[in-house]
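Trainee: So here's entry-v5.pdb, just PDB, C-alpha atoms (C1' of nucleotides):
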ATOM      1  CA  MET A  12      -1.559 -14.701  -1.492  1.00  0.00           C
ATOM      2  CA  ASP A  13      -2.813 -13.612   1.858  1.00  0.00           C
ATOM      3  CA  LEU A  14       0.295 -11.779   2.882  1.00  0.00           C
ATOM      4  CA  ILE A  15      -1.318  -9.289   5.179  1.00  0.00           C
ATOM      5  CA  ALA A  16      -3.633 -11.662   7.007  1.00  0.00           C
ATOM      6  CA  PRO A  17      -1.426 -11.724  10.119  1.00  0.00           C
ATOM      7  CA  VAL A  18      -1.285  -7.932  10.146  1.00  0.00           C
ATOM      8  CA  GLY A  19      -5.051  -7.744   9.861  1.00  0.00           C
ATOM      9  CA  GLN A  20      -5.433 -10.194  12.683  1.00  0.00           C
ATOM     10  CA  GLN A  21      -3.171  -8.158  14.923  1.00  0.00           C
ATOM     11  CA  ILE A  22      -5.218  -5.072  14.172  1.00  0.00           C
ATOM     12  CA  ARG A  23      -8.403  -6.903  15.002  1.00  0.00           C
ATOM     13  CA  ASP A  24      -7.010  -8.385  18.190  1.00  0.00           C
ATOM     14  CA  ARG A  25      -5.845  -5.023  19.414  1.00  0.00           C
ATOM     15  CA  ARG A  26      -9.101  -3.310  18.480  1.00  0.00           C
ATOM     16  CA  GLN A  27     -11.123  -5.897  20.347  1.00  0.00           C
ATOM     17  CA  PHE A  28      -8.810  -5.626  23.310  1.00  0.00           C
ATOM     18  CA  LEU A  29      -9.568  -1.906  23.352  1.00  0.00           C
ATOM     19  CA  ARG A  30     -13.272  -2.673  22.969  1.00  0.00           C
ATOM     20  CA  ILE A  31     -13.963  -0.376  20.086  1.00  0.00           C
ATOM     21  CA  THR A  32     -16.021  -1.122  17.005  1.00  0.00           C
ATOM     22  CA  GLN A  33     -14.729  -1.198  13.463  1.00  0.00           C
ATOM     23  CA  GLY A  34     -16.891   1.818  12.768  1.00  0.00           C
ATOM     24  CA  ASP A  35     -15.307   3.864  15.524  1.00  0.00           C
ATOM     25  CA  LEU A  36     -11.766   2.835  14.716  1.00  0.00           C
ATOM     26  CA  ALA A  37     -12.313   3.589  11.036  1.00  0.00           C
ATOM     27  CA  GLU A  38     -13.679   7.028  11.825  1.00  0.00           C
ATOM     28  CA  ILE A  39     -10.908   7.934  14.263  1.00  0.00           C
ATOM     29  CA  ALA A  40      -8.224   6.648  11.927  1.00  0.00           C
ATOM     30  CA  GLY A  41      -9.745   8.473   8.993  1.00  0.00           C
ATOM     31  CA  VAL A  42     -10.345   5.500   6.749  1.00  0.00           C
ATOM     32  CA  SER A  43     -13.554   4.017   5.470  1.00  0.00           C
ATOM     33  CA  LEU A  44     -15.274   1.282   7.397  1.00  0.00           C
ATOM     34  CA  ARG A  45     -15.106  -0.769   4.240  1.00  0.00           C
ATOM     35  CA  SER A  46     -11.331  -0.496   4.091  1.00  0.00           C
ATOM     36  CA  LEU A  47     -10.856  -1.444   7.711  1.00  0.00           C
ATOM     37  CA  ILE A  48     -13.037  -4.498   7.304  1.00  0.00           C
ATOM     38  CA  ASP A  49     -11.027  -5.627   4.313  1.00  0.00           C
ATOM     39  CA  ILE A  50      -7.729  -5.085   6.076  1.00  0.00           C
ATOM     40  CA  GLU A  51      -8.760  -6.985   9.189  1.00  0.00           C
ATOM     41  CA  ARG A  52      -9.922  -9.819   6.971  1.00  0.00           C
ATOM     42  CA  GLY A  53      -6.613  -9.914   5.168  1.00  0.00           C
ATOM     43  CA  LYS A  54      -8.159  -8.883   1.879  1.00  0.00           C
ATOM     44  CA  GLY A  55      -6.622  -6.578  -0.617  1.00  0.00           C
ATOM     45  CA  ASN A  56      -3.376  -4.745  -0.488  1.00  0.00           C
ATOM     46  CA  PRO A  57      -3.543  -1.634   1.657  1.00  0.00           C
ATOM     47  CA  GLY A  58      -1.070   1.183   1.215  1.00  0.00           C
ATOM     48  CA  ILE A  59       1.357   1.765   4.002  1.00  0.00           C
ATOM     49  CA  HIS A  60      -0.221   5.126   4.796  1.00  0.00           C
ATOM     50  CA  GLN A  61      -3.612   3.553   5.176  1.00  0.00           C
ATOM     51  CA  LEU A  62      -2.121   0.944   7.442  1.00  0.00           C
ATOM     52  CA  MET A  63      -0.221   3.451   9.534  1.00  0.00           C
ATOM     53  CA  LYS A  64      -3.280   5.577  10.125  1.00  0.00           C
ATOM     54  CA  ILE A  65      -4.941   2.584  11.716  1.00  0.00           C
ATOM     55  CA  LEU A  66      -1.910   1.359  13.637  1.00  0.00           C
ATOM     56  CA  ASP A  67      -1.400   4.852  14.994  1.00  0.00           C
ATOM     57  CA  VAL A  68      -4.811   4.920  16.628  1.00  0.00           C
ATOM     58  CA  LEU A  69      -4.171   1.527  18.136  1.00  0.00           C
ATOM     59  CA  GLY A  70      -0.795   2.539  19.513  1.00  0.00           C
ATOM     60  CA  LEU A  71       1.028   0.217  17.156  1.00  0.00           C
ATOM     61  CA  LYS A  72       3.745   0.746  14.593  1.00  0.00           C
ATOM     62  CA  ILE A  73       5.481  -0.928  11.684  1.00  0.00           C
ATOM     63  CA  GLU A  74       9.007  -2.168  12.097  1.00  0.00           C
ATOM     64  CA  ILE A  75      11.430  -3.617   9.593  1.00  0.00           C
ATOM     65  CA  SER A  76      13.504  -6.448  10.945  1.00  0.00           C
ATOM     66  CA  ASN A  77      15.649  -9.324   9.775  1.00  0.00           C
ATOM     67  CA  LYS A  78      13.855 -12.426   8.683  1.00  0.00           C
ATOM     68  CA  GLY A  79      14.301 -15.390  10.979  1.00  0.00           C
TER      69      GLY A  79
ATOM     70  CA  MET B  30       3.855  13.510   5.076  1.00  0.00           C
ATOM     71  CA  ASP B  31       6.929  11.440   4.561  1.00  0.00           C
ATOM     72  CA  LEU B  32       5.779   8.494   6.583  1.00  0.00           C
ATOM     73  CA  ILE B  33       7.701   5.815   4.769  1.00  0.00           C
ATOM     74  CA  ALA B  34      11.010   7.625   4.468  1.00  0.00           C
ATOM     75  CA  PRO B  35      12.628   5.549   7.233  1.00  0.00           C
ATOM     76  CA  VAL B  36      11.446   2.349   5.595  1.00  0.00           C
ATOM     77  CA  GLY B  37      12.877   3.470   2.275  1.00  0.00           C
ATOM     78  CA  GLN B  38      16.146   4.295   3.916  1.00  0.00           C
ATOM     79  CA  GLN B  39      16.372   0.871   5.513  1.00  0.00           C
ATOM     80  CA  ILE B  40      15.742  -0.728   2.150  1.00  0.00           C
ATOM     81  CA  ARG B  41      18.449   1.353   0.576  1.00  0.00           C
ATOM     82  CA  ASP B  42      20.926   0.669   3.357  1.00  0.00           C
ATOM     83  CA  ARG B  43      20.401  -3.037   3.114  1.00  0.00           C
ATOM     84  CA  ARG B  44      20.593  -3.037  -0.662  1.00  0.00           C
ATOM     85  CA  GLN B  45      23.856  -1.166  -0.614  1.00  0.00           C
ATOM     86  CA  PHE B  46      25.192  -3.474   2.046  1.00  0.00           C
ATOM     87  CA  LEU B  47      24.441  -6.353  -0.307  1.00  0.00           C
ATOM     88  CA  ARG B  48      26.074  -4.432  -3.152  1.00  0.00           C
ATOM     89  CA  ILE B  49      23.278  -4.790  -5.645  1.00  0.00           C
ATOM     90  CA  THR B  50      21.868  -2.116  -7.904  1.00  0.00           C
ATOM     91  CA  GLN B  51      18.339  -0.779  -7.827  1.00  0.00           C
ATOM     92  CA  GLY B  52      17.826  -2.322 -11.241  1.00  0.00           C
ATOM     93  CA  ASP B  53      18.787  -5.780 -10.066  1.00  0.00           C
ATOM     94  CA  LEU B  54      16.805  -5.606  -6.867  1.00  0.00           C
ATOM     95  CA  ALA B  55      13.753  -4.358  -8.723  1.00  0.00           C
ATOM     96  CA  GLU B  56      13.984  -7.175 -11.241  1.00  0.00           C
ATOM     97  CA  ILE B  57      14.466  -9.900  -8.652  1.00  0.00           C
ATOM     98  CA  ALA B  58      11.688  -8.544  -6.484  1.00  0.00           C
ATOM     99  CA  GLY B  59       9.378  -8.225  -9.450  1.00  0.00           C
ATOM    100  CA  VAL B  60       8.687  -4.521  -9.195  1.00  0.00           C
ATOM    101  CA  SER B  61       9.509  -1.732 -11.574  1.00  0.00           C
ATOM    102  CA  LEU B  62      12.756   0.152 -11.186  1.00  0.00           C
ATOM    103  CA  ARG B  63      10.668   3.288 -10.990  1.00  0.00           C
ATOM    104  CA  SER B  64       8.737   1.992  -8.004  1.00  0.00           C
ATOM    105  CA  LEU B  65      11.836   0.938  -6.123  1.00  0.00           C
ATOM    106  CA  ILE B  66      13.414   4.324  -6.646  1.00  0.00           C
ATOM    107  CA  ASP B  67      10.334   6.065  -5.301  1.00  0.00           C
ATOM    108  CA  ILE B  68      10.133   3.805  -2.292  1.00  0.00           C
ATOM    109  CA  GLU B  69      13.778   4.240  -1.371  1.00  0.00           C
ATOM    110  CA  ARG B  70      13.312   7.975  -1.662  1.00  0.00           C
ATOM    111  CA  GLY B  71      10.330   7.908   0.643  1.00  0.00           C
ATOM    112  CA  LYS B  72       7.976   9.028  -2.087  1.00  0.00           C
ATOM    113  CA  GLY B  73       4.471   7.786  -2.583  1.00  0.00           C
ATOM    114  CA  ASN B  74       2.550   5.230  -0.674  1.00  0.00           C
ATOM    115  CA  PRO B  75       3.478   1.712  -1.674  1.00  0.00           C
ATOM    116  CA  GLY B  76       1.136  -1.166  -1.045  1.00  0.00           C
ATOM    117  CA  ILE B  77       2.162  -3.682   1.513  1.00  0.00           C
ATOM    118  CA  HIS B  78       2.549  -6.370  -1.150  1.00  0.00           C
ATOM    119  CA  GLN B  79       4.897  -4.215  -3.124  1.00  0.00           C
ATOM    120  CA  LEU B  80       6.891  -3.557  -0.002  1.00  0.00           C
ATOM    121  CA  MET B  81       7.010  -7.193   1.026  1.00  0.00           C
ATOM    122  CA  LYS B  82       8.273  -8.299  -2.369  1.00  0.00           C
ATOM    123  CA  ILE B  83      11.261  -6.053  -1.899  1.00  0.00           C
ATOM    124  CA  LEU B  84      11.859  -6.846   1.754  1.00  0.00           C
ATOM    125  CA  ASP B  85      11.707 -10.537   0.947  1.00  0.00           C
ATOM    126  CA  VAL B  86      14.614 -10.330  -1.457  1.00  0.00           C
ATOM    127  CA  LEU B  87      16.592  -8.387   1.102  1.00  0.00           C
ATOM    128  CA  GLY B  88      15.913 -10.899   3.842  1.00  0.00           C
ATOM    129  CA  LEU B  89      13.804  -8.413   5.768  1.00  0.00           C
ATOM    130  CA  LYS B  90      10.257  -8.486   7.049  1.00  0.00           C
ATOM    131  CA  ILE B  91       7.539  -6.277   8.442  1.00  0.00           C
ATOM    132  CA  GLU B  92       6.631  -6.489  12.086  1.00  0.00           C
ATOM    133  CA  ILE B  93       3.867  -4.833  14.054  1.00  0.00           C
ATOM    134  CA  SER B  94       4.919  -3.721  17.491  1.00  0.00           C
ATOM    135  CA  ASN B  95       3.813  -1.449  20.275  1.00  0.00           C
ATOM    136  CA  LYS B  96       4.652   2.190  19.892  1.00  0.00           C
ATOM    137  CA  GLY B  97       7.286   3.480  22.275  1.00  0.00           C
TER     138      GLY B  97
ATOM    139  C1'  DC C  12     -37.760 -15.499  19.495  1.00  0.00           C
ATOM    140  C1'  DC C  13     -37.162 -10.491  18.515  1.00  0.00           C
ATOM    141  C1'  DA C  14     -34.921  -6.286  17.832  1.00  0.00           C
ATOM    142  C1'  DC C  15     -30.835  -3.863  17.308  1.00  0.00           C
ATOM    143  C1'  DA C  16     -25.906  -3.441  16.599  1.00  0.00           C
ATOM    144  C1'  DA C  17     -21.851  -4.929  14.405  1.00  0.00           C
ATOM    145  C1'  DT C  18     -19.626  -7.154  10.812  1.00  0.00           C
ATOM    146  C1'  DA C  19     -19.339  -8.499   5.980  1.00  0.00           C
ATOM    147  C1'  DC C  20     -19.787  -8.395   0.925  1.00  0.00           C
ATOM    148  C1'  DG C  21     -21.074  -7.106  -4.249  1.00  0.00           C
ATOM    149  C1'  DC C  22     -20.858  -3.534  -7.216  1.00  0.00           C
ATOM    150  C1'  DA C  23     -19.936   1.008  -9.333  1.00  0.00           C
ATOM    151  C1'  DT C  24     -17.237   5.196  -8.927  1.00  0.00           C
ATOM    152  C1'  DT C  25     -13.415   7.766  -7.795  1.00  0.00           C
ATOM    153  C1'  DA C  26      -8.804   8.256  -6.173  1.00  0.00           C
ATOM    154  C1'  DT C  27      -4.224   6.815  -6.306  1.00  0.00           C
ATOM    155  C1'  DA C  28      -0.290   3.676  -7.154  1.00  0.00           C
ATOM    156  C1'  DT C  29       2.457   1.291 -10.689  1.00  0.00           C
ATOM    157  C1'  DT C  30       4.550   1.133 -14.814  1.00  0.00           C
ATOM    158  C1'  DG C  31       7.183   2.375 -19.141  1.00  0.00           C
ATOM    159  C1'  DC C  32       9.467   5.647 -21.733  1.00  0.00           C
ATOM    160  C1'  DA C  33      12.331   9.475 -22.528  1.00  0.00           C
ATOM    161  C1'  DT C  34      15.583  12.184 -20.490  1.00  0.00           C
ATOM    162  C1'  DA C  35      18.237  14.226 -16.960  1.00  0.00           C
ATOM    163  C1'  DT C  36      21.570  14.113 -13.209  1.00  0.00           C
ATOM    164  C1'  DT C  37      25.053  11.913 -10.458  1.00  0.00           C
ATOM    165  C1'  DA C  38      28.817   8.491  -9.497  1.00  0.00           C
ATOM    166  C1'  DA C  39      32.551   5.519 -10.793  1.00  0.00           C
ATOM    167  C1'  DA C  40      36.169   3.903 -13.533  1.00  0.00           C
ATOM    168  C1'  DT C  41      39.842   4.211 -16.910  1.00  0.00           C
TER     169       DT C  41
ATOM    170  C1'  DA D  23      38.209  14.673 -19.028  1.00  0.00           C
ATOM    171  C1'  DT D  24      35.571  11.104 -21.192  1.00  0.00           C
ATOM    172  C1'  DT D  25      32.911   7.281 -21.186  1.00  0.00           C
ATOM    173  C1'  DT D  26      29.741   4.176 -18.965  1.00  0.00           C
ATOM    174  C1'  DA D  27      26.801   2.714 -15.241  1.00  0.00           C
ATOM    175  C1'  DA D  28      23.605   4.003 -11.761  1.00  0.00           C
ATOM    176  C1'  DT D  29      20.255   6.857  -9.916  1.00  0.00           C
ATOM    177  C1'  DA D  30      16.536  10.128 -10.532  1.00  0.00           C
ATOM    178  C1'  DT D  31      12.387  12.736 -12.467  1.00  0.00           C
ATOM    179  C1'  DG D  32       8.300  14.299 -15.618  1.00  0.00           C
ATOM    180  C1'  DC D  33       4.648  12.660 -17.923  1.00  0.00           C
ATOM    181  C1'  DA D  34       0.992   9.658 -19.868  1.00  0.00           C
ATOM    182  C1'  DA D  35      -1.177   5.147 -19.676  1.00  0.00           C
ATOM    183  C1'  DT D  36      -2.809   1.424 -17.094  1.00  0.00           C
ATOM    184  C1'  DA D  37      -3.745  -1.151 -12.982  1.00  0.00           C
ATOM    185  C1'  DT D  38      -5.428  -1.304  -8.568  1.00  0.00           C
ATOM    186  C1'  DA D  39      -6.883   0.543  -4.017  1.00  0.00           C
ATOM    187  C1'  DA D  40     -10.358   3.307  -1.426  1.00  0.00           C
ATOM    188  C1'  DT D  41     -14.840   4.655  -0.865  1.00  0.00           C
ATOM    189  C1'  DG D  42     -20.055   4.788  -0.601  1.00  0.00           C
ATOM    190  C1'  DC D  43     -24.274   2.555  -0.972  1.00  0.00           C
ATOM    191  C1'  DG D  44     -27.317  -1.091  -0.511  1.00  0.00           C
ATOM    192  C1'  DT D  45     -27.975  -5.351   1.465  1.00  0.00           C
ATOM    193  C1'  DA D  46     -26.895  -9.592   3.704  1.00  0.00           C
ATOM    194  C1'  DT D  47     -25.131 -12.063   7.567  1.00  0.00           C
ATOM    195  C1'  DT D  48     -23.689 -12.639  12.136  1.00  0.00           C
ATOM    196  C1'  DG D  49     -23.635 -11.465  17.003  1.00  0.00           C
ATOM    197  C1'  DT D  50     -25.771  -9.812  21.343  1.00  0.00           C
ATOM    198  C1'  DG D  51     -29.004  -8.307  24.870  1.00  0.00           C
ATOM    199  C1'  DG D  52     -33.799  -8.249  26.306  1.00  0.00           C
TER     200       DG D  52
END
If you convert what's in this file into structure tokens, what do you get?
Mentor:
Amino acid sequence: MDLIAPVGQQIRDRRQFLRITQGDLAEIAGVSLRSLIDIERGKGNPGIHQLMKILDVLGLKIEISNKG
Amino acid sequence: MDLIAPVGQQIRDRRQFLRITQGDLAEIAGVSLRSLIDIERGKGNPGIHQLMKILDVLGLKIEISNKG
DNA sequence: CCACAATACGCATTATATTGCATATTAAAT
DNA sequence: ATTTAATATGCAATATAATGCGTATTGTGG
């Protein structure tokens, strides 16, 4: 049931592209390092707020679209 | 702090387009009617699983994209 | 190899979402 | 206008996410 794994991967990819650590991203986004780690790893079930705080810092956003 | 209001609105729009009730959608998606109501209204902070269960039934999906 | 930084995980605590129930409000149909 | 369905809200109970701490593992530069 690893529904958010792809989302976590995208977050990680983008973070690494920007060359910032999990610790820094977590602090800037205002979430715990622990939470960010879990999200990147596709663990758990983050709230949409939590997710948006992180995406915001990375210059990303959530979109709803039709399924292929 | 109504971050998910637009998401809720999209869910509602799509549901109404499909002419199903909140009760039916909630049941099919496997979430409580109460939760669906709150999400459509932009209240609270649903988990991504919760959200995906609903989007799935509606033939919608979450995408991560660059911010404009 | 060694030291240091970054990432990861188990566990307990705290914060918050989810749910059900009762009840209210709103909308639709006859 | 009356009845019935649909949508909405307050509240209490339960489930689950978020966090912090300690520690382990992995990665990286000297």
Trainee: Got a sec to check which residues sit within 12 Å of (-19.8, -6.5, 1.2), counting only C-alpha atoms (C1' of nucleotides), and write them as a PyMOL selection string?
Mentor: (chain A and resi 44-46+48-49+52+54) or (chain C and resi 18-22) or (chain D and resi 42-47)
Trainee: For a quick test of understanding: name the residues of chain B lying within 9 Å of chain A when counting all atoms listed in the file, and present them as a CSV table (one decimal) with C-alpha atoms, in the coordinates of the input.
Mentor:
chain,number,residue,atom,x,y,z
B,32,LEU,CA,5.8,8.5,6.6
B,33,ILE,CA,7.7,5.8,4.8
B,36,VAL,CA,11.4,2.3,5.6
B,39,GLN,CA,16.4,0.9,5.5
B,74,ASN,CA,2.6,5.2,-0.7
B,75,PRO,CA,3.5,1.7,-1.7
B,76,GLY,CA,1.1,-1.2,-1.0
B,77,ILE,CA,2.2,-3.7,1.5
B,78,HIS,CA,2.5,-6.4,-1.2
B,79,GLN,CA,4.9,-4.2,-3.1
B,80,LEU,CA,6.9,-3.6,0.0
B,81,MET,CA,7.0,-7.2,1.0
B,84,LEU,CA,11.9,-6.8,1.8
B,85,ASP,CA,11.7,-10.5,0.9
B,87,LEU,CA,16.6,-8.4,1.1
B,88,GLY,CA,15.9,-10.9,3.8
B,89,LEU,CA,13.8,-8.4,5.8
B,90,LYS,CA,10.3,-8.5,7.0
B,91,ILE,CA,7.5,-6.3,8.4
B,92,GLU,CA,6.6,-6.5,12.1
B,93,ILE,CA,3.9,-4.8,14.1
B,94,SER,CA,4.9,-3.7,17.5
B,95,ASN,CA,3.8,-1.4,20.3
B,96,LYS,CA,4.7,2.2,19.9
B,97,GLY,CA,7.3,3.5,22.3
Trainee: Counting only C-alpha atoms (C1' of nucleotides), what is within 12 Å of DT41 (chain C), bar same-chain residues fewer than 5 positions away, as a PyMOL selection string?
Mentor: chain D and resi 23-26
Trainee: CA of Thr32 (chain A) and CA of Ile50 (chain A) are how many Å apart?
Mentor: 14.3 Å
Trainee: Which neighbours of Leu65 (chain B) fall inside 9 Å, counting all atoms listed in the file, when residues of the same chain fewer than 6 positions from it are skipped, and could you give them as a count of residues only?
Mentor: 6
Trainee: Name the residues within 10 Å of (-28.9, -5.1, 17.2), counting all atoms listed in the file in the file's coordinates, and put them as an mmCIF file with C-alpha atoms (C1' of nucleotides), in the coordinates of the input.
Mentor:
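result.cif, freshly written:
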data_model
loop_
_atom_site.group_PDB
_atom_site.id
_atom_site.type_symbol
_atom_site.label_atom_id
_atom_site.label_comp_id
_atom_site.auth_asym_id
_atom_site.auth_seq_id
_atom_site.Cartn_x
_atom_site.Cartn_y
_atom_site.Cartn_z
ATOM 1 C "C1'" DC C 13 -37.162 -10.491 18.515
ATOM 2 C "C1'" DA C 14 -34.921 -6.286 17.832
ATOM 3 C "C1'" DC C 15 -30.835 -3.863 17.308
ATOM 4 C "C1'" DA C 16 -25.906 -3.441 16.599
ATOM 5 C "C1'" DA C 17 -21.851 -4.929 14.405
ATOM 6 C "C1'" DG D 49 -23.635 -11.465 17.003
ATOM 7 C "C1'" DT D 50 -25.771 -9.812 21.343
ATOM 8 C "C1'" DG D 51 -29.004 -8.307 24.870
#
Trainee: For the provided coordinates, the residues matched by the PyMOL selection byres ((chain D and resi 35) around 9) should be stated as a PDB file with C-alpha atoms (C1' of nucleotides), in the coordinates of the input.
Mentor:
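Contents of result_23.pdb, as written:
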ATOM      1  C1'  DT C  30       4.550   1.133 -14.814  1.00  0.00           C
ATOM      2  C1'  DG C  31       7.183   2.375 -19.141  1.00  0.00           C
TER       3       DG C  31
ATOM      4  C1'  DA D  34       0.992   9.658 -19.868  1.00  0.00           C
ATOM      5  C1'  DT D  36      -2.809   1.424 -17.094  1.00  0.00           C
TER       6       DT D  36
END
Trainee: A:Glu51, A:Arg23, A:Val68, A:Val42: which is nearest chain D, counting only C-alpha atoms (C1' of nucleotides)?
Mentor: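 The answer is A:Val42, which sits nearest to chain D.
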